[in-house]
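Enquirer: Take this structure, written in structure tokens, and hold onto it; I'll ask about it next.
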Amino acid sequence: MEKYCKVLIVDDEYIMRRGIRYMMDWESQGFQVVGEASNGKEALDLMEELSPHIVFCDITMPVMDGIDFIHVAHRKYPDVQILILSGYDKFEYVRQALLNGAADYILKPTLNPEELSRILTDTVAKIPGMQLKKKSFSSLENQLERFFKDRDYELKIQEFAKRFPHSCYRILGIPLRFRDLRGKDLSQVILEKAEQYLKTYAPGTYLKFLYSPEFQCVVFNYPLKDEAKFPLIIQEMMEQLTIIHKKAFAVLGKTRKDLVDLKLDFENTQFLEAEVFYHKGICLYEIPDQVESRQDIQKFDFRRFSSVVSNAKYVEAAEMFEDYIYKAARNQIPEFKLKNQTKNLLYNLIGSVDRKIQGLEQIRYDYFAKIDEVVYVEEFLDMFQNLMKEMLECLEESTDNQDRRLKEMLEYISEHYREEMDLADLAQNFNFNYSYLSTYFNTRMGEGFSEYLNRIRISRACTQLEKGELSISVISDMVGYSDQSYFCRVFKKITGETPSAYRRGNKAVK
């Protein structure tokens with residue numbers, strides 16, 4: 001009988017393979033990850049050598065994709081249970097995978113430790129004669145991972161005595177966000193180079209664990225005599241890694257005398273959140289003694305922003321946008337959040353502005369690419385300053401144009417107020433969208449078109465009433481009201497009195 005249920009992980013994304021490998025303590029559950037492959041062809045070669053019981057396999061891979069792999073593997077190894085992994089929730093993928101012999105189909109976004117354990121338990125039940133032999137203890141790496149993730153987990157210090165015999169402890173964190181210009185993941189290359197360097201030069205001993213699929217941790221234990229040279233060794237390692245990828249970066253915690261005290265570094269937000277984006281020219285960031293305090297940044301008021309945009313107050317919306325992004329950058333929110341929020345607000349602002357404004361669509365297109373390309377926050381803020389300058393110039397030029405158009409519309413209303421007129425007529429005459437003009441007029445004038453037209457008409461009526469020469473019915477018709485009773489109601493609503501009372505109180509003296 002096999003000691004463990006053997007598992008093979010097949011995925012072209014290194015981070016995904018690492019994420020699955022470190023998602024649970026496999027051996028404590030009776031499993032053993034015996035190998036990894038980056039495509040179907042590599043997996044077929046390894047299956048002959050490793051004889052896995054279960055294979056996790058991605059669908060979209062180079063050389064040989066998941067569907068072709070299942071087709072071959074199921075016929076060659078019919079007893080092996082193949083679990084398909086994919087980010088695509090499409091029936092055709094599911095159908096093809098299951099028809100070709102996959103045991104189950106799992107969406108990557110939904111995968112978590114609990115779901116993984118459940119799937120494995122269900123899959124083992126399908127393997128003839130397989131009985132899991134669970135271990136009652138965890139590996140040292142798994143213990144460290146759980147200790148740093150779980151606030152209430154107590155580390156079994158005595159189990160580390162042989163592995164960590166020295167007096168100094170220090171932890172290194174390496175964010176795993178390394179892709180080349182073609183999008184290829186270089187994380188595996190980076191970690192392999194780091195491992196090679198540490199084996200050769202690192203003093204004392206060390207253990208690694210994956211805190212998350214995108215954050216590798218290394219716990220070092222070394223003699224006090226090596227304290228001075230230790231950061232120099234790590235600095236040299238990181239400088240070598242920047243040759244592979246210019247954004248190679250790591251954060252180094254403080255020296256501790258006890259293993260459990262390393263958890264203090266995880267309570268410092270600068271350890272887990274430190275990024276090369278905010279540390280231009282630095283490949284190794286050491287947590288300082290005095291941590292710079294950061295203001296709590298309030299969540300962006302997207303409801304107010306949307307309201308301002310919908311009311312065509314574009315310059316005010318741009319100012320809200322600018323103020324928030326500068327605050328977010330100063331408070332060092334994660335790079336991907338800062339960039340995504342910038343693109344989201346830019347999209348919502350420009351996408352809501354009148355399409356007639358020249359240049360805005362091109363600005364959005366150009367700056368979406370520039371936002372992704374910038375490496376450091378200094379470059380980002382320079383780029384953002386240029387973005388705001390170009391966008392505000394467009395918006396302000398548009399505002400000037402709109403002011404001219406508004407003046408023309410008001411002059412038109414002043415000349416034609418006697419005629420039957422509504423907002424639809426005005427929109428048609430000035431080539432505006434009806435809904436846009438309604439919002440625009442209301443925003444710029446502080447009242448709707450109908451209210452404004454009534455005020456103009458009643459103002460002209462007041463002039464005639466003060467002269468006292470014409471009857472109220474004639475004046476009503478003269479200023480655009482064919483129904484005298486309606487004219488009287490509107491007049492009283494605006495002036496507070498009837499036309500007759502207004503005439504008596506304001507009749508011009510001859």
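In the structure tokens, chains take letters A, B, ... by order of appearance, with residues numbered from 1 within each chain and ligands from 1 in the order shown.
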What lies within 8 Å of stretch 361-365 of chain A using only C-alpha atoms, ignoring chain neighbours under 5 positions off, as a ChimeraX atom specification?
Expert: /A:346-347,350,387,390-391
Enquirer: List the neighbours of stretch 192-200 of chain A out to 10 Å using only C-alpha atoms; skip same-chain residues closer than 2 positions along the sequence, and give me the result as a count of residues only.
Expert: 17
Enquirer: Applying 12 Å and only C-alpha atoms, which residues near A:Gln428 remain after dropping the ones on its own chain fewer than 6 positions away? List them as a VMD selection string.
Expert: chain A and resid 409 421 to 422 434 to 435 437
Enquirer: From the set A:Asp45, A:Glu141, A:Glu159, A:Asp261, which residue has the shortest atom-to-atom contact distance to A:Cys217, counting only C-alpha atoms?
Expert: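 Nearest to A:Cys217: A:Glu141.
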Enquirer: So which one's closest to A:Leu155, A:Asp258, A:Glu42, A:Glu214, A:Glu451? Using only C-alpha atoms, please.
Expert: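 The answer is A:Asp258, which sits nearest to A:Leu155.
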Enquirer: Apply DSSP to the backbone of this structure and, from stretch 174-306 of chain A, keep only the residues in helix (DSSP H, G or I); write these as a PyMOL selection string.
Expert: chain A and resi 187-201+224-226+230-244+259-266+269-273+276-278+302-306
Enquirer: Would you save the residues of that selection, restricted to C-alpha atoms, as a compact mmCIF listing (two decimals), in the first residue's frame?
Expert:
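out.txt, written as the output of this step:
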```txt
# COMPACT_ATOMS: atom_id res chain seq x y z
CA SER A 187 8.90 34.24 -10.42
CA GLN A 188 10.29 30.72 -10.62
CA VAL A 189 13.55 31.94 -12.17
CA ILE A 190 13.88 34.60 -9.46
CA LEU A 191 13.29 32.14 -6.62
CA GLU A 192 15.61 29.51 -8.07
CA LYS A 193 18.39 32.11 -8.36
CA ALA A 194 17.74 33.27 -4.80
CA GLU A 195 17.84 29.67 -3.52
CA GLN A 196 21.13 29.04 -5.31
CA TYR A 197 22.64 32.17 -3.77
CA LEU A 198 21.40 31.44 -0.25
CA LYS A 199 22.71 27.88 -0.29
CA THR A 200 26.15 29.23 -1.12
CA TYR A 201 26.42 32.40 0.94
CA LEU A 224 25.68 36.88 16.36
CA LYS A 225 29.14 37.16 14.76
CA ASP A 226 27.46 37.33 11.33
CA PHE A 230 24.09 39.47 6.98
CA PRO A 231 22.27 42.47 5.38
CA LEU A 232 25.21 42.93 2.99
CA ILE A 233 24.81 39.33 1.81
CA ILE A 234 21.07 39.81 1.21
CA GLN A 235 21.74 43.13 -0.54
CA GLU A 236 24.20 41.41 -2.88
CA MET A 237 21.64 38.68 -3.61
CA MET A 238 18.94 41.21 -4.49
CA GLU A 239 21.30 43.16 -6.75
CA GLN A 240 21.93 39.95 -8.69
CA LEU A 241 18.19 39.35 -8.96
CA THR A 242 17.66 42.79 -10.49
CA ILE A 243 19.72 41.59 -13.45
CA ILE A 244 16.94 39.08 -14.14
CA LEU A 259 11.77 33.11 16.76
CA VAL A 260 8.28 34.11 17.91
CA ASP A 261 9.28 37.79 17.93
CA LEU A 262 9.47 37.72 14.13
CA LYS A 263 5.70 38.06 14.22
CA LEU A 264 6.24 41.69 15.20
CA ASP A 265 7.38 42.35 11.64
CA PHE A 266 4.04 41.08 10.31
CA THR A 269 2.12 47.13 7.57
CA GLN A 270 5.34 48.20 5.85
CA PHE A 271 6.56 44.59 5.83
CA LEU A 272 3.73 42.94 3.88
CA GLU A 273 2.85 46.05 1.87
CA VAL A 276 9.47 48.57 -5.20
CA PHE A 277 6.91 51.02 -6.62
CA TYR A 278 7.46 53.24 -3.57
CA PHE A 302 -17.85 57.43 -5.54
CA ARG A 303 -21.52 58.30 -5.00
CA ARG A 304 -20.75 62.01 -4.80
CA PHE A 305 -18.31 61.70 -7.72
CA SER A 306 -21.02 60.07 -9.86
```
Enquirer: What's the separation between atom CA of A:Val374 and atom CA of A:Lys343, in Å to one decimal place?
Expert: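 Between atom CA of A:Val374 and atom CA of A:Lys343 the gap is 13.3 Å.
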Enquirer: Measure the distance from atom CA of A:Arg256 to atom CA of A:Arg170 in Å and round it to one decimal.
Expert: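 Atom-to-atom, atom CA of A:Arg256 and atom CA of A:Arg170 are spaced 6.2 Å apart.
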Enquirer: With DSSP run on the backbone, what are the strand (DSSP E or B) residues within stretch 27-143 of chain A? I'd like them as a ChimeraX atom specification.
Expert: /A:31-37,54-58,81-86,104-107
Enquirer: For a test of reading the model, state the distance in Å between atom CA of A:Thr110 and atom CA of A:Ile20, rounded to one decimal.
Expert: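 Distance between the two atoms: 12.3 Å.
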Enquirer: Looking at only C-alpha atoms, which of A:Leu465, A:Arg504, A:Arg457, A:Phe432 is the one that sits closest to A:Tyr481?
Expert: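 Smallest separation from A:Tyr481 among the options: A:Arg457.
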Enquirer: May I have the residues within 7 Å of stretch 2-14 of chain A as JSON, numbers by chain, using only C-alpha atoms and disregarding those fewer than 2 positions away in the same chain?
Expert: {"A": [16, 17, 18, 30, 31, 32, 33, 34, 35, 36, 37, 38, 39, 43, 52, 53, 54, 55, 56, 57, 58, 61, 132, 133, 185, 187, 188]}
Enquirer: Mind checking which residues fall within 12 Å of A:Leu470, counting only C-alpha atoms, ignoring those fewer than 6 positions away in the same chain, and posting them as number ranges by chain?
Expert: A: 461-464, 476-478, 499-500, 503, 507
Enquirer: For those residues, write C-alpha atoms to a file as a PDB file, in the first residue's frame.
Expert:
```pdb
ATOM      1  CA  ALA A 461     -45.575  90.619 -18.407  1.00  0.00           C
ATOM      2  CA  CYS A 462     -44.652  92.671 -15.346  1.00  0.00           C
ATOM      3  CA  THR A 463     -43.204  95.360 -17.621  1.00  0.00           C
ATOM      4  CA  GLN A 464     -46.477  95.565 -19.564  1.00  0.00           C
ATOM      5  CA  SER A 476     -51.072  86.932 -21.424  1.00  0.00           C
ATOM      6  CA  ASP A 477     -51.177  86.190 -25.132  1.00  0.00           C
ATOM      7  CA  MET A 478     -48.341  88.627 -25.846  1.00  0.00           C
ATOM      8  CA  PRO A 499     -51.678  90.192 -12.292  1.00  0.00           C
ATOM      9  CA  SER A 500     -54.455  92.609 -11.201  1.00  0.00           C
ATOM     10  CA  ARG A 503     -50.861  96.238 -11.663  1.00  0.00           C
ATOM     11  CA  LYS A 507     -48.685 101.035 -12.021  1.00  0.00           C
TER      12      LYS A 507
END
```
